[in-house]
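File shown: work09.cif. Contents: mmCIF, C-alpha atoms.
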data_run
#
loop_
_atom_site.label_atom_id
_atom_site.label_comp_id
_atom_site.auth_asym_id
_atom_site.auth_seq_id
_atom_site.Cartn_x
_atom_site.Cartn_y
_atom_site.Cartn_z
CA MET B 1 -91.14 -11.20 -47.43
CA ASP B 2 -91.71 -10.28 -43.78
CA GLU B 3 -95.02 -12.11 -43.81
CA LEU B 4 -93.49 -15.48 -44.74
CA ASP B 5 -93.22 -18.14 -42.04
CA ASP B 6 -89.92 -19.48 -40.77
CA ALA B 7 -90.09 -22.72 -42.76
CA THR B 8 -90.52 -20.85 -46.04
CA LEU B 9 -87.74 -18.42 -45.17
CA VAL B 10 -85.42 -21.32 -44.31
CA ALA B 11 -86.22 -23.02 -47.62
CA LEU B 12 -85.50 -19.81 -49.53
CA SER B 13 -82.30 -19.29 -47.53
CA LYS B 14 -81.13 -22.78 -48.41
CA GLU B 15 -81.56 -21.83 -52.06
CA GLY B 16 -79.23 -18.89 -51.51
CA ASP B 17 -81.75 -16.11 -50.92
CA GLN B 18 -79.92 -13.89 -48.45
CA ARG B 19 -82.86 -11.53 -48.07
CA ALA B 20 -84.88 -14.42 -46.66
CA PHE B 21 -82.15 -15.17 -44.17
CA GLY B 22 -82.08 -11.51 -43.26
CA VAL B 23 -85.75 -11.68 -42.32
CA LEU B 24 -85.03 -14.69 -40.11
CA VAL B 25 -82.18 -12.83 -38.43
CA ARG B 26 -84.26 -9.76 -37.69
CA ARG B 27 -87.19 -11.89 -36.52
CA HIS B 28 -85.17 -13.87 -33.97
CA GLN B 29 -82.20 -11.70 -33.06
CA ALA B 30 -83.79 -10.17 -29.96
CA SER B 31 -84.53 -13.60 -28.45
CA VAL B 32 -81.08 -14.83 -29.39
CA ALA B 33 -79.42 -11.77 -27.87
CA ARG B 34 -81.35 -12.11 -24.63
CA LEU B 35 -80.52 -15.79 -24.33
CA ALA B 36 -76.89 -15.01 -25.16
CA GLY B 37 -76.80 -12.47 -22.35
CA PHE B 38 -78.31 -14.91 -19.88
CA VAL B 39 -76.01 -17.80 -20.70
CA SER B 40 -72.77 -15.86 -21.16
CA GLY B 41 -73.49 -13.74 -18.09
CA SER B 42 -72.79 -10.58 -20.06
CA PHE B 43 -75.27 -8.53 -22.03
CA ASP B 44 -72.27 -6.55 -23.30
CA ALA B 45 -71.16 -9.66 -25.20
CA ALA B 46 -74.65 -10.52 -26.42
CA GLU B 47 -74.38 -8.67 -29.73
CA ASP B 48 -71.14 -10.42 -30.74
CA ILE B 49 -72.57 -13.78 -29.73
CA THR B 50 -75.75 -13.07 -31.68
CA GLN B 51 -73.77 -12.21 -34.79
CA GLU B 52 -71.65 -15.36 -34.48
CA THR B 53 -74.76 -17.45 -33.89
CA PHE B 54 -76.41 -16.41 -37.14
CA VAL B 55 -73.21 -16.82 -39.15
CA LYS B 56 -72.87 -20.36 -37.80
CA ALA B 57 -76.53 -21.03 -38.55
CA TYR B 58 -76.17 -19.84 -42.14
CA ARG B 59 -73.21 -22.12 -42.64
CA ALA B 60 -75.17 -25.03 -41.15
CA LEU B 61 -78.41 -24.49 -43.08
CA ASP B 62 -77.77 -27.50 -45.30
CA ARG B 63 -77.94 -29.69 -42.21
CA PHE B 64 -81.13 -28.12 -40.91
CA GLN B 65 -83.97 -30.58 -41.19
CA ASP B 66 -86.75 -29.41 -43.51
CA GLY B 67 -89.94 -28.74 -41.60
CA ALA B 68 -88.27 -28.59 -38.18
CA PRO B 69 -88.94 -25.45 -36.11
CA PHE B 70 -86.23 -22.82 -36.61
CA ARG B 71 -86.48 -21.09 -33.24
CA PRO B 72 -85.28 -23.91 -30.93
CA TRP B 73 -82.50 -24.70 -33.41
CA ILE B 74 -81.18 -21.15 -33.47
CA LEU B 75 -81.48 -20.90 -29.68
CA ARG B 76 -79.41 -24.06 -29.32
CA ILE B 77 -76.66 -22.60 -31.48
CA ALA B 78 -76.89 -19.39 -29.45
CA ALA B 79 -76.62 -21.27 -26.15
CA ASN B 80 -73.54 -23.20 -27.27
CA THR B 81 -71.90 -20.10 -28.70
CA ALA B 82 -72.59 -18.21 -25.47
CA LYS B 83 -71.13 -21.04 -23.38
CA ASN B 84 -67.99 -20.94 -25.51
CA HIS B 85 -67.70 -17.19 -25.02
CA ARG B 86 -68.11 -17.56 -21.29
CA ARG B 87 -65.39 -20.19 -21.09
CA SER B 88 -62.99 -18.41 -23.42
CA LEU B 89 -63.27 -15.25 -21.35
CA GLY B 90 -62.89 -17.15 -18.09
CA ARG B 91 -65.76 -14.99 -17.02
CA LYS B 92 -67.42 -15.11 -13.67
CA ALA B 93 -69.74 -12.28 -14.40
CA ARG B 94 -72.47 -11.27 -12.04
CA LEU B 95 -75.47 -11.13 -14.33
CA SER B 96 -77.40 -7.92 -14.12
CA LEU B 97 -80.99 -8.07 -15.29
CA LYS B 98 -82.63 -5.02 -16.75
CA VAL B 99 -86.31 -5.03 -15.88
CA ALA B 100 -88.60 -2.73 -17.80
CA ALA B 101 -91.58 -1.14 -16.13
CA LEU B 102 -94.72 -3.05 -16.99
CA PRO B 103 -97.95 -1.60 -15.67
CA THR B 104 -100.59 -3.97 -14.45
CA ALA B 105 -104.23 -3.63 -15.40
CA GLY B 106 -104.59 -1.32 -12.45
CA GLY B 107 -101.95 1.02 -13.78
CA THR B 108 -98.97 0.24 -11.52
CA ASP B 109 -97.31 -2.77 -9.99
CA PRO B 110 -98.42 -3.63 -6.48
CA ALA B 111 -95.44 -3.34 -4.17
CA ASP B 112 -95.42 -7.01 -3.25
CA GLN B 113 -95.41 -8.03 -6.88
CA VAL B 114 -92.46 -5.77 -7.61
CA ALA B 115 -90.61 -7.17 -4.61
CA ALA B 116 -91.31 -10.76 -5.70
CA THR B 117 -90.08 -10.07 -9.22
CA ALA B 118 -86.92 -8.46 -7.88
CA THR B 119 -86.28 -11.43 -5.57
CA VAL B 120 -86.67 -13.92 -8.40
CA ALA B 121 -84.52 -11.85 -10.77
CA ASP B 122 -81.77 -11.64 -8.17
CA ALA B 123 -81.86 -15.39 -7.51
CA LEU B 124 -81.93 -16.14 -11.21
CA ALA B 125 -78.82 -14.06 -11.75
CA ARG B 126 -76.97 -16.22 -9.21
CA LEU B 127 -77.84 -19.53 -10.91
CA ASN B 128 -75.26 -21.33 -13.02
CA PRO B 129 -75.56 -20.72 -16.79
CA ASP B 130 -76.99 -24.18 -17.53
CA ASP B 131 -79.83 -23.70 -15.07
CA ARG B 132 -80.44 -20.18 -16.34
CA LEU B 133 -80.65 -21.57 -19.87
CA VAL B 134 -83.35 -24.10 -18.92
CA VAL B 135 -85.41 -21.51 -17.05
CA THR B 136 -85.01 -18.97 -19.84
CA LEU B 137 -86.19 -21.39 -22.52
CA ARG B 138 -89.23 -22.40 -20.54
CA TYR B 139 -90.46 -19.18 -18.97
CA PHE B 140 -89.01 -16.38 -21.08
CA GLU B 141 -88.99 -17.97 -24.53
CA ASP B 142 -92.09 -20.06 -23.76
CA LEU B 143 -90.79 -23.15 -25.56
CA SER B 144 -92.65 -26.45 -25.39
CA GLU B 145 -90.88 -29.45 -23.86
CA ARG B 146 -90.25 -30.81 -27.33
CA ASP B 147 -88.68 -27.56 -28.53
CA MET B 148 -86.71 -27.32 -25.30
CA ALA B 149 -85.28 -30.76 -26.00
CA THR B 150 -84.11 -29.50 -29.39
CA ALA B 151 -82.65 -26.35 -27.90
CA LEU B 152 -80.91 -28.27 -25.12
CA ALA B 153 -79.77 -31.10 -27.40
CA CYS B 154 -81.16 -33.64 -24.99
CA ALA B 155 -83.84 -36.33 -25.00
CA PRO B 156 -87.40 -35.00 -24.51
CA GLY B 157 -87.70 -37.20 -21.44
CA THR B 158 -84.91 -35.37 -19.61
CA VAL B 159 -86.33 -31.87 -20.08
CA LYS B 160 -88.68 -32.16 -17.11
CA SER B 161 -85.97 -33.37 -14.77
CA ARG B 162 -83.54 -30.65 -15.88
CA LEU B 163 -86.21 -28.01 -15.39
CA ALA B 164 -87.13 -29.44 -11.99
CA ARG B 165 -83.49 -29.36 -10.86
CA ALA B 166 -83.05 -25.80 -12.10
CA MET B 167 -86.23 -24.68 -10.34
CA GLY B 168 -85.08 -26.41 -7.16
CA ARG B 169 -81.80 -24.54 -7.23
CA LEU B 170 -83.64 -21.31 -7.99
CA ARG B 171 -85.82 -21.85 -4.92
CA ALA B 172 -82.71 -22.57 -2.89
CA GLU B 173 -81.14 -19.31 -4.06
CA MET B 174 -84.28 -17.56 -2.91
CA GLY B 175 -83.80 -19.04 0.50
CA GLY B 176 -86.66 -21.48 0.27
CA GLY B 177 -89.16 -18.68 0.19
CA ALA B 178 -91.05 -19.98 -2.82
CA MET F 1 -94.90 -17.16 -0.45
CA ILE F 2 -93.98 -16.31 -4.04
CA ASP F 3 -95.75 -18.07 -6.91
CA LEU F 4 -92.47 -18.80 -8.66
CA GLU F 5 -93.80 -19.88 -12.05
CA ARG F 6 -96.12 -16.90 -12.42
CA THR F 7 -93.41 -14.54 -11.23
CA LEU F 8 -90.94 -15.98 -13.76
CA THR F 9 -93.45 -15.56 -16.57
CA ARG F 10 -94.02 -12.00 -15.48
CA LEU F 11 -90.30 -11.38 -15.22
CA GLY F 12 -89.88 -12.68 -18.78
CA GLU F 13 -92.40 -10.09 -19.95
CA GLN F 14 -90.63 -7.34 -18.06
CA LEU F 15 -87.03 -8.10 -19.00
CA GLU F 16 -85.74 -5.82 -21.68
CA ARG F 17 -84.69 -7.46 -24.92
CA PRO F 18 -81.31 -6.17 -26.09
CA ASP F 19 -81.76 -3.67 -28.90
CA VAL F 20 -79.48 -5.16 -31.53
CA ASP F 21 -79.42 -5.38 -35.30
CA VAL F 22 -76.74 -7.82 -36.37
CA TRP F 23 -78.00 -8.40 -39.91
CA PRO F 24 -75.61 -5.92 -41.61
CA ALA F 25 -72.62 -7.62 -39.98
CA VAL F 26 -73.98 -11.13 -40.60
CA SER F 27 -74.74 -10.29 -44.23
CA ASN F 28 -71.24 -8.95 -44.71
CA GLU F 29 -69.68 -12.03 -43.14
CA ILE F 30 -71.61 -14.64 -45.13
CA THR F 31 -71.12 -12.72 -48.38
CA MET F 32 -67.36 -12.66 -47.81
CA ARG F 33 -67.35 -16.40 -47.13
CA ARG F 34 -69.39 -17.17 -50.23
CA ASP F 35 -67.07 -15.14 -52.42
CA ARG F 36 -64.10 -17.12 -51.13
CA THR F 37 -65.79 -20.44 -52.01
CA VAL F 38 -65.52 -21.05 -55.72
CA LEU F 39 -66.60 -24.68 -55.58
CA SER F 40 -68.72 -26.04 -52.78
CA PRO F 41 -66.87 -28.82 -50.94
CA LEU F 42 -70.26 -30.20 -49.99
CA ALA F 43 -71.24 -30.66 -53.62
CA VAL F 44 -67.96 -32.43 -54.27
CA ALA F 45 -68.46 -34.60 -51.19
CA ALA F 46 -71.96 -35.55 -52.23
CA ALA F 47 -70.79 -36.64 -55.66
CA ILE F 48 -67.88 -38.59 -54.25
CA ALA F 49 -70.05 -40.16 -51.56
CA VAL F 50 -72.16 -41.86 -54.23
CA LEU F 51 -69.03 -43.21 -55.86
CA VAL F 52 -67.48 -44.31 -52.60
CA GLY F 53 -70.73 -45.85 -51.46
CA SER F 54 -70.59 -48.27 -54.35
CA LEU F 55 -66.84 -48.84 -54.20
CA LEU F 56 -66.88 -49.70 -50.51
CA LEU F 57 -68.91 -52.77 -51.34
CA ILE F 58 -66.04 -54.16 -53.41
CA GLU F 59 -63.50 -55.86 -51.18
CA PRO F 60 -60.20 -55.17 -53.05
CA VAL F 61 -60.71 -51.43 -53.29
CA ARG F 62 -61.84 -50.86 -49.71
CA SER F 63 -58.57 -49.67 -48.18
CA THR F 64 -57.59 -47.92 -51.41
CA VAL F 65 -60.78 -45.91 -51.34
CA ALA F 66 -60.34 -45.07 -47.69
CA ALA F 67 -56.81 -43.85 -48.24
CA TRP F 68 -57.65 -42.04 -51.44
CA PHE F 69 -60.59 -40.32 -49.85
CA GLY F 70 -58.48 -39.08 -46.99
CA ILE F 71 -60.16 -40.58 -43.99
CA GLY F 72 -56.88 -41.38 -42.42
CA ARG F 73 -56.30 -44.83 -41.04
CA THR F 74 -59.91 -45.94 -40.98
CA ALA F 75 -61.40 -48.31 -43.53
CA VAL F 76 -65.10 -48.98 -43.78
CA GLU F 77 -66.46 -52.46 -44.30
CA VAL F 78 -70.06 -53.41 -44.97
CA VAL F 79 -70.95 -56.81 -43.51
CA PRO F 80 -74.27 -58.61 -43.88
CA ASP F 81 -74.38 -59.83 -40.27
CA LEU F 82 -73.17 -57.13 -37.93
CA ASP F 83 -72.36 -58.44 -34.45
CA ALA F 84 -74.92 -56.61 -32.31
CA GLY F 85 -73.90 -58.35 -29.10
CA LEU F 86 -70.65 -56.50 -28.50
CA ARG F 87 -70.30 -54.23 -25.49
CA THR F 88 -69.22 -50.63 -25.62
CA SER F 89 -66.20 -49.76 -23.54
CA VAL F 90 -63.35 -47.31 -23.30
CA ALA F 91 -60.02 -49.08 -23.40
CA GLY F 92 -56.45 -47.87 -23.24
CA GLU F 93 -53.54 -47.10 -21.00
CA SER F 94 -54.02 -44.15 -18.68
CA ILE F 95 -51.56 -41.36 -19.46
CA THR F 96 -50.93 -37.80 -18.32
CA ARG F 97 -51.43 -34.63 -20.32
CA ASP F 98 -47.65 -34.40 -20.78
CA ASP F 99 -47.58 -37.97 -22.10
CA ALA F 100 -50.34 -37.08 -24.54
CA ALA F 101 -48.41 -34.01 -25.71
CA ALA F 102 -45.31 -36.15 -26.24
CA VAL F 103 -47.26 -38.61 -28.40
CA LEU F 104 -48.82 -35.92 -30.56
CA GLY F 105 -45.91 -33.48 -30.64
CA ARG F 106 -48.22 -30.76 -29.35
CA VAL F 107 -50.76 -30.29 -26.59
CA PRO F 108 -53.94 -32.37 -27.04
CA THR F 109 -56.90 -30.70 -28.69
CA LEU F 110 -59.94 -29.96 -26.53
CA PRO F 111 -63.52 -28.91 -27.23
CA GLU F 112 -63.87 -25.40 -25.83
CA GLU F 113 -67.15 -26.00 -24.09
CA PHE F 114 -66.13 -29.10 -22.13
CA GLY F 115 -62.65 -28.13 -20.96
CA ASN F 116 -60.16 -30.72 -19.74
CA PRO F 117 -61.24 -34.36 -20.08
CA ASP F 118 -61.84 -36.69 -17.17
CA ALA F 119 -59.17 -39.05 -18.48
CA TRP F 120 -56.42 -39.24 -21.07
CA LEU F 121 -55.74 -42.68 -22.53
CA GLN F 122 -53.43 -44.09 -25.16
CA GLN F 123 -54.61 -46.84 -27.48
CA ASP F 124 -52.85 -48.06 -30.63
CA GLY F 125 -50.82 -44.86 -30.83
CA ALA F 126 -53.83 -42.60 -30.49
CA VAL F 127 -54.37 -40.11 -27.69
CA VAL F 128 -57.90 -40.61 -26.41
CA SER F 129 -59.55 -37.88 -24.31
CA VAL F 130 -62.62 -39.03 -22.40
CA TRP F 131 -65.42 -37.01 -20.79
CA VAL F 132 -67.89 -38.75 -18.49
CA PRO F 133 -71.64 -38.53 -19.22
CA SER F 134 -73.44 -35.36 -18.16
CA GLU F 135 -76.66 -33.55 -18.94
CA ASP F 136 -75.12 -32.35 -22.19
CA LEU F 137 -73.37 -35.62 -22.98
CA PRO F 138 -75.56 -38.74 -22.86
CA GLU F 139 -73.73 -41.99 -22.22
CA ILE F 140 -72.45 -43.85 -25.26
CA GLY F 141 -74.04 -47.26 -24.86
CA THR F 142 -72.71 -48.74 -21.63
CA SER F 143 -69.25 -47.26 -22.02
CA GLY F 144 -69.34 -44.94 -19.01
CA ALA F 145 -68.27 -42.14 -21.38
CA GLY F 146 -70.24 -39.24 -22.81
CA LEU F 147 -67.66 -37.96 -25.31
CA ILE F 148 -64.49 -39.50 -26.69
CA LEU F 149 -62.02 -37.52 -28.77
CA SER F 150 -59.25 -39.51 -30.37
CA GLU F 151 -56.21 -37.98 -32.08
CA LEU F 152 -53.94 -40.21 -34.14
CA VAL F 153 -50.75 -39.16 -35.92
CA LEU F 154 -51.24 -40.69 -39.36
CA GLU F 155 -47.60 -41.35 -40.19
CA GLY F 156 -46.68 -44.89 -39.23
CA SER F 157 -50.07 -45.75 -37.75
CA ASP F 158 -51.99 -48.94 -38.40
CA LEU F 159 -55.36 -49.28 -40.06
CA SER F 160 -58.58 -49.63 -38.08
CA VAL F 161 -61.67 -51.15 -39.65
CA LYS F 162 -65.24 -50.04 -39.14
CA GLN F 163 -68.00 -52.53 -39.79
CA MET F 164 -71.50 -51.40 -40.64
CA GLY F 165 -74.69 -53.20 -41.51
CA SER F 166 -75.25 -51.05 -44.58
CA VAL F 167 -73.36 -48.37 -46.46
CA GLY F 168 -76.24 -45.98 -45.82
CA GLY F 169 -75.02 -45.57 -42.24
CA ALA F 170 -72.06 -43.50 -43.38
CA VAL F 171 -72.16 -40.13 -45.08
CA PHE F 172 -69.55 -37.58 -45.96
CA VAL F 173 -70.05 -34.12 -44.52
CA GLU F 174 -68.34 -30.77 -44.93
CA PHE F 175 -67.62 -28.42 -42.07
CA ASP F 176 -65.20 -25.55 -41.71
CA GLY F 177 -63.72 -26.42 -45.09
CA LEU F 178 -62.91 -29.96 -43.96
CA LEU F 179 -64.33 -33.22 -45.22
CA GLY F 180 -65.48 -35.68 -42.57
CA LEU F 181 -66.96 -39.13 -42.49
CA TRP F 182 -70.00 -39.48 -40.25
CA VAL F 183 -70.96 -42.99 -39.15
CA GLU F 184 -74.28 -42.81 -37.37
CA GLY F 185 -75.46 -45.16 -34.68
CA PRO F 186 -73.77 -48.09 -33.00
CA HIS F 187 -71.37 -50.00 -35.23
CA VAL F 188 -68.35 -52.22 -34.79
CA LEU F 189 -64.77 -51.02 -34.58
CA ILE F 190 -61.89 -53.43 -35.04
CA PRO F 191 -58.79 -51.65 -33.72
CA PRO F 192 -55.29 -52.61 -34.89
CA SER F 193 -54.86 -54.47 -31.61
CA GLY F 194 -57.52 -55.76 -29.28
CA ASP F 195 -60.96 -57.17 -29.82
CA PRO F 196 -63.87 -55.81 -31.83
CA GLU F 197 -66.08 -53.50 -29.85
CA SER F 198 -69.33 -51.66 -30.31
CA VAL F 199 -68.95 -47.89 -30.65
CA GLY F 200 -71.38 -44.98 -30.86
CA SER F 201 -71.86 -42.42 -33.61
CA VAL F 202 -68.52 -41.17 -34.89
CA LEU F 203 -67.27 -38.23 -36.93
CA ILE F 204 -63.82 -38.74 -38.44
CA TRP F 205 -61.73 -36.17 -40.25
CA VAL F 206 -58.10 -35.41 -40.97
CA ALA F 207 -56.24 -32.16 -40.45
CA ASP F 208 -52.51 -31.42 -40.33
CA GLY F 209 -51.50 -35.06 -40.44
CA ILE F 210 -53.77 -36.02 -37.55
CA GLN F 211 -56.85 -38.21 -37.75
CA PHE F 212 -59.52 -36.84 -35.42
CA ARG F 213 -62.30 -39.09 -34.22
CA LEU F 214 -65.20 -37.75 -32.17
CA GLU F 215 -67.47 -40.41 -30.67
CA SER F 216 -70.70 -39.66 -28.81
CA ALA F 217 -74.42 -40.35 -28.64
CA LEU F 218 -75.17 -36.88 -30.03
CA PRO F 219 -76.74 -35.98 -33.39
CA LEU F 220 -74.56 -34.89 -36.30
CA ASP F 221 -75.23 -31.16 -36.11
CA ARG F 222 -74.25 -31.09 -32.44
CA VAL F 223 -71.11 -33.11 -33.11
CA ILE F 224 -70.12 -30.70 -35.86
CA GLU F 225 -70.61 -27.79 -33.46
CA ILE F 226 -68.20 -29.48 -31.06
CA ALA F 227 -65.75 -30.32 -33.85
CA SER F 228 -65.86 -26.72 -35.05
CA ASN F 229 -64.86 -25.48 -31.62
CA LEU F 230 -61.84 -27.65 -30.94
CA ARG F 231 -58.85 -25.69 -29.73
#

With the file now loaded, output its structure as structure tokens.
Amino acid sequence: MDELDDATLVALSKEGDQRAFGVLVRRHQASVARLAGFVSGSFDAAEDITQETFVKAYRALDRFQDGAPFRPWILRIAANTAKNHRRSLGRKARLSLKVAALPTAGGTDPADQVAATATVADALARLNPDDRLVVTLRYFEDLSERDMATALACAPGTVKSRLARAMGRLRAEMGGGA
Amino acid sequence: MIDLERTLTRLGEQLERPDVDVWPAVSNEITMRRDRTVLSPLAVAAAIAVLVGSLLLIEPVRSTVAAWFGIGRTAVEVVPDLDAGLRTSVAGESITRDDAAAVLGRVPTLPEEFGNPDAWLQQDGAVVSVWVPSEDLPEIGTSGAGLILSELVLEGSDLSVKQMGSVGGAVFVEFDGLLGLWVEGPHVLIPPSGDPESVGSVLIWVADGIQFRLESALPLDRVIEIASNLR
């Protein structure tokens, strides 16, 4: 069943096949958890938010449009659930980003590249959750504008402007250095 | 000078993905819920929707159907020539949160994710909470509002009438064990007092003697998310 595409797994899930939904959960839970951490400001809460996201999605499967991409839909539910968690906790968490070592083709990161990545990560952590969400969807989840519109529950025409505003604020957080 | 876009892409590759496996917990949760549900409310709603869809076309049974079906003090009327020239607006007397609590007998309900509204109004006995448009809440027509939540104590309240161009614009939906009426797209509302006005998409449901009405320019699944997170 692991080889089936999302659309087939959704169709099977709608028919009550829980194993199919399980494959969807395990396929997308890492992305959902990362987004949940970004938006809620707490990677400690990400697992609970991820669990709640998939339970909500299962309950809403009947309303999921056949043929629509699953990933932006589940990320939208995750973003809203994470926003709710953030508000309910009254959290003003300072997001801490865990960066894994990623060798370049040459074997190690050049020092300036490491410094640039650290600068951007630090500025990103200071952005408000809505801006972080837009940046995350575009650059970390690599969503198209159309899928971003689905994930953000906004018109496709407003995705560019939201991304531009978020990038502007990110540059401002970096002190205009980019 | 940092190439921001390339650096972000690289950062995305470097950020660790949380190592979680929520499927056992999710599986347990949805299995428990399914076991509690002997008869699907959605299946019941679908069957009744067909019946109601035909009954709503018959004038004498309109209000009876509305009352019987439990959509509070809102009747639905299908008219051949819907007035498309009406403006959208938000009307009512400005009140305080304490006033709203006095009307409802409890504090007003709020969607968790949007917090306190930008205004509380009272119209025809209903407490109307209004949020201005934002990135998450597109404006409803030309109303100046992005989200309108109305709460009406059913007992002693008057009937409002919704006018639609066709019965296909209204469907019954199930969420959180509740039955709601979803009227999609601009349609006409005739309040107990005042003039007809154009309103946006609306989800109406009843709980604990209160008719809830959530108006927005958002799609149904998003509206249900908001309705599911009212506190």

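The two atoms in question, atom CA of Gln113 of chain B and atom CA of Val32 of chain B, are spaced 27.5 Å apart.
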
- So which residues touch Leu181 of chain F within 7 Å, counting only C-alpha atoms, skipping near sequence neighbours fewer than 3 positions away, as a ChimeraX atom specification? /F:170-173,203-205

- May I have the residues within 12 Å of Gly105 of chain F as an MDAnalysis selection string, using all atoms listed in the file and disregarding those fewer than 2 positions away in the same chain? chainID F and resid 97:103 107:109 127 151:153 208:210

- Query: Got a sec: who's within 12 Å of Arg59 of chain B, counting all atoms listed in the file, leaving out chain neighbours fewer than 3 positions off, as a ChimeraX atom specification?
  - Reply: /B:13-14,16,21,52-56,62-64,77 /F:26,29-31,33-34,40,42,174-177,221,224-225,228

- Near chain B, which residues of chain F fall within 8 Å when you count all atoms listed in the file, and what do they look like as a PyMOL selection string? chain F and resi 1-5+7-23+25-27+29-30+112-113+135-136+138+218+221-222

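Computed from the coordinates, the atom CA of Pro69 of chain B to atom CA of Glu145 of chain B distance equals 13.0 Å.
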
- Minimum-distance residue to Gly92 of chain F, chosen among F:Leu147, F:Ala126, F:Val223, F:Leu110 (using all atoms listed in the file): F:Ala126

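When atom CA of Gly146 of chain F is paired with atom CA of Glu197 of chain F, their separation reads 16.4 Å.
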
- Determine, counting all atoms listed in the file, which protein, DNA and RNA residues have an atom within 9 Å of an atom of Leu137 of chain B; residues of the same chain fewer than 4 positions away are not included. Present the result as a list in words. Leu35, Pro72, Leu75, Arg132, Leu133, Glu141, Asp142, Leu143, Ser144, Asp147, Met148 and Ala151 of chain B

Contacts of Pro129 of chain B within 9 Å, only C-alpha atoms, excl. fewer than 2 positions in-chain, as a PDB file with C-alpha atoms, keeping the file's coordinate frame:
ATOM      1  CA  PHE B  38     -78.310 -14.910 -19.880  1.00  0.00           C
ATOM      2  CA  VAL B  39     -76.010 -17.800 -20.700  1.00  0.00           C
ATOM      3  CA  SER B  40     -72.770 -15.860 -21.160  1.00  0.00           C
ATOM      4  CA  GLY B  41     -73.490 -13.740 -18.090  1.00  0.00           C
ATOM      5  CA  LYS B  83     -71.130 -21.040 -23.380  1.00  0.00           C
ATOM      6  CA  ALA B 125     -78.820 -14.060 -11.750  1.00  0.00           C
ATOM      7  CA  ARG B 126     -76.970 -16.220  -9.210  1.00  0.00           C
ATOM      8  CA  LEU B 127     -77.840 -19.530 -10.910  1.00  0.00           C
ATOM      9  CA  ASP B 131     -79.830 -23.700 -15.070  1.00  0.00           C
ATOM     10  CA  ARG B 132     -80.440 -20.180 -16.340  1.00  0.00           C
ATOM     11  CA  LEU B 133     -80.650 -21.570 -19.870  1.00  0.00           C
ATOM     12  CA  VAL B 134     -83.350 -24.100 -18.920  1.00  0.00           C
TER      13      VAL B 134
END

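Every residue that the PyMOL selection byres ((chain B and resi 2) around 9) selects in this file is listed here: B:Met1, B:Glu3, B:Leu4, B:Asp5, B:Ala20, B:Val23, B:Leu24, B:Arg27.
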
- Item | Nearest to Thr150 of chain B, chosen from B:Ile74, B:Leu163, B:His28, B:Asp17, with only C-alpha atoms counted in the distances | B:Ile74
